[in-house]
Amino acid sequence: MLLSTQRGNPLLPFITKVPWEHAPIPADYQVGASSAALFLSLKYHRLKPEYIFERMKGQITNRYLLRIVLCLVDIDDHQQPIRELTKACVLAGYTLFLAWSPEECARYLETFKSFEFKPPDLIKERVEDDHFAKLTDCLTQVKTVSKTDVLTLVANFGSFKNIAVASPDELAALPGFGDQKVKRLVDAINSPFVMEN
């Protein structure tokens, strides 16, 4: 749903993936039962800087759990206004999203609406549960060790324990393992896993 004052907004023609309608709501866009967005163009903000701050203090604060300021960055000198908006959003409990085109603004609104009933863990990083995936994730944390290198290590040593106790000479004999890669891998394995204070 969107507020009727948004009729001439240049992003409306780009909202095509979700249905929308005009409604008497306190926010500019309602993207869920407890989620709403205020739209702000930095050109407009430059003309009327008090506008967004007054809107953020209104009824929207008590009515919605997720409060968003969707900001269209349409001026060249945008650093200072964005700094001010960021501070105001943090203090007022809003989330600030920046977009550089009306199309991008529309994509954000469509994404908010389409994820309305999705669980939060849907956007979390997916970590594989199998042993090889965990071993790959662990070993590729060492700079210059690639997934191909992990395959080589596992094919030659079989387990993390055997990799950890392998001598630098044994590691250097593997294809793709030069002195620098061997040194980084050995240093990573032999360094303490707990950071000292």
# chains A, B, ... in the order shown; residues from 1 in each chain; ligands from 1
>>> select_by_dssp(residues="range 52-182 of chain A", states="helix (DSSP H, G or I)", output="PyMOL selection string")
chain A and resi 52-57+60-63+79-92+102-114+120-123+131-139+147-157+160-165+168-172+179-182
>>> closest_atom_pairs(of="range 97-119 of chain A", to="range 14-24 of chain A", cutoff="12 Å", atoms="only C-alpha atoms", output="CSV")
residue,atom,partner,partner_atom,distance
A:Ser101,CA,A:Phe14,CA,10.5
A:Pro102,CA,A:Phe14,CA,7.4
A:Glu103,CA,A:Phe14,CA,5.7
A:Glu104,CA,A:Phe14,CA,8.7
A:Cys105,CA,A:Phe14,CA,8.6
A:Ala106,CA,A:Ile15,CA,5.2
A:Arg107,CA,A:Ile15,CA,7.1
A:Tyr108,CA,A:Ile15,CA,9.5
A:Leu109,CA,A:Ile15,CA,7.8
A:Glu110,CA,A:Val18,CA,6.1
A:Thr111,CA,A:Val18,CA,9.0
A:Phe112,CA,A:Val18,CA,10.1
A:Lys113,CA,A:Val18,CA,7.3
A:Ser114,CA,A:Val18,CA,7.4
A:Phe115,CA,A:Val18,CA,11.1
A:Glu116,CA,A:Val18,CA,11.5
>>> write_last_selection(atoms="N, CA, C and O atoms", output="compact mmCIF listing (two decimals), in the first residue's frame")
# COMPACT_ATOMS: atom_id res chain seq x y z
N SER A 101 18.85 5.32 -8.18
CA SER A 101 17.92 5.48 -9.29
C SER A 101 16.52 5.09 -8.82
O SER A 101 16.37 4.33 -7.85
N PRO A 102 15.48 5.60 -9.50
CA PRO A 102 14.11 5.19 -9.15
C PRO A 102 13.91 3.68 -9.31
O PRO A 102 13.18 3.06 -8.53
N GLU A 103 14.58 3.09 -10.30
CA GLU A 103 14.47 1.64 -10.50
C GLU A 103 14.97 0.88 -9.28
O GLU A 103 14.37 -0.10 -8.84
N GLU A 104 16.11 1.33 -8.73
CA GLU A 104 16.67 0.67 -7.55
C GLU A 104 15.75 0.84 -6.35
O GLU A 104 15.56 -0.10 -5.57
N CYS A 105 15.16 2.01 -6.20
CA CYS A 105 14.18 2.22 -5.12
C CYS A 105 13.02 1.23 -5.24
O CYS A 105 12.60 0.63 -4.25
N ALA A 106 12.51 1.09 -6.46
CA ALA A 106 11.40 0.16 -6.69
C ALA A 106 11.79 -1.27 -6.36
O ALA A 106 11.02 -2.02 -5.76
N ARG A 107 13.02 -1.67 -6.73
CA ARG A 107 13.48 -3.04 -6.42
C ARG A 107 13.53 -3.27 -4.91
O ARG A 107 13.17 -4.34 -4.42
N TYR A 108 13.99 -2.26 -4.17
CA TYR A 108 14.01 -2.38 -2.71
C TYR A 108 12.60 -2.60 -2.17
O TYR A 108 12.37 -3.52 -1.37
N LEU A 109 11.65 -1.79 -2.60
CA LEU A 109 10.28 -1.93 -2.10
C LEU A 109 9.70 -3.29 -2.47
O LEU A 109 9.04 -3.94 -1.65
N GLU A 110 9.96 -3.75 -3.70
CA GLU A 110 9.47 -5.07 -4.11
C GLU A 110 10.10 -6.17 -3.26
O GLU A 110 9.42 -7.13 -2.86
N THR A 111 11.38 -6.03 -2.96
CA THR A 111 12.06 -7.04 -2.14
C THR A 111 11.50 -7.05 -0.72
O THR A 111 11.25 -8.12 -0.16
N PHE A 112 11.30 -5.88 -0.14
CA PHE A 112 10.72 -5.81 1.20
C PHE A 112 9.37 -6.52 1.23
O PHE A 112 9.09 -7.30 2.13
N LYS A 113 8.53 -6.24 0.23
CA LYS A 113 7.20 -6.82 0.19
C LYS A 113 7.25 -8.32 -0.06
O LYS A 113 6.54 -9.10 0.58
N SER A 114 8.11 -8.77 -0.97
CA SER A 114 8.16 -10.20 -1.28
C SER A 114 8.75 -11.02 -0.14
O SER A 114 8.47 -12.21 -0.03
N PHE A 115 9.55 -10.39 0.74
CA PHE A 115 10.12 -11.11 1.88
C PHE A 115 9.29 -10.93 3.15
O PHE A 115 9.72 -11.31 4.22
N GLU A 116 8.09 -10.39 3.01
CA GLU A 116 7.24 -10.09 4.17
C GLU A 116 7.01 -11.30 5.06
O GLU A 116 7.08 -11.22 6.28
>>> atom_distance(atom1="CA of Asp77 in chain A", atom2="CA of His45 in chain A")
12.4 Å
>>> atom_distance(atom1="CA of Ala88 in chain A", atom2="CA of Lys118 in chain A")
28.5 Å
>>> closest_residue(among="A:Val154, A:Ser34, A:Asn9, A:Leu139", to="Val186 in chain A", atoms="only C-alpha atoms")
A:Leu139
>>> closest_residue(among="A:Ser146, A:Leu151, A:Leu98, A:Val69", to="Asp28 in chain A", atoms="only C-alpha atoms")
A:Val69
>>> select_by_dssp(residues="chain A", states="strand (DSSP E)", output="MDAnalysis selection string")
chainID A and resid 29:32 35:41 66:72 95:99
>>> atom_distance(atom1="CA of Lys183 in chain A", atom2="CA of Asp137 in chain A")
19.0 Å
>>> residues_around(residues="Leu96 in chain A", least_positions_apart="3", cutoff="8 Å", atoms="only C-alpha atoms", output="list in words")
Ile68, Val69, Leu70, Cys71, Leu85, Thr86 and Cys89 of chain A
>>> write_last_selection(atoms="C-alpha atoms", output="compact mmCIF listing (two decimals), in the first residue's frame")
# COMPACT_ATOMS: atom_id res chain seq x y z
CA ILE A 68 12.73 2.35 6.77
CA VAL A 69 13.87 5.55 5.14
CA LEU A 70 14.35 4.85 1.44
CA CYS A 71 16.56 7.63 0.12
CA LEU A 85 20.23 11.19 7.67
CA THR A 86 22.25 8.27 8.99
CA CYS A 89 17.84 7.27 11.46
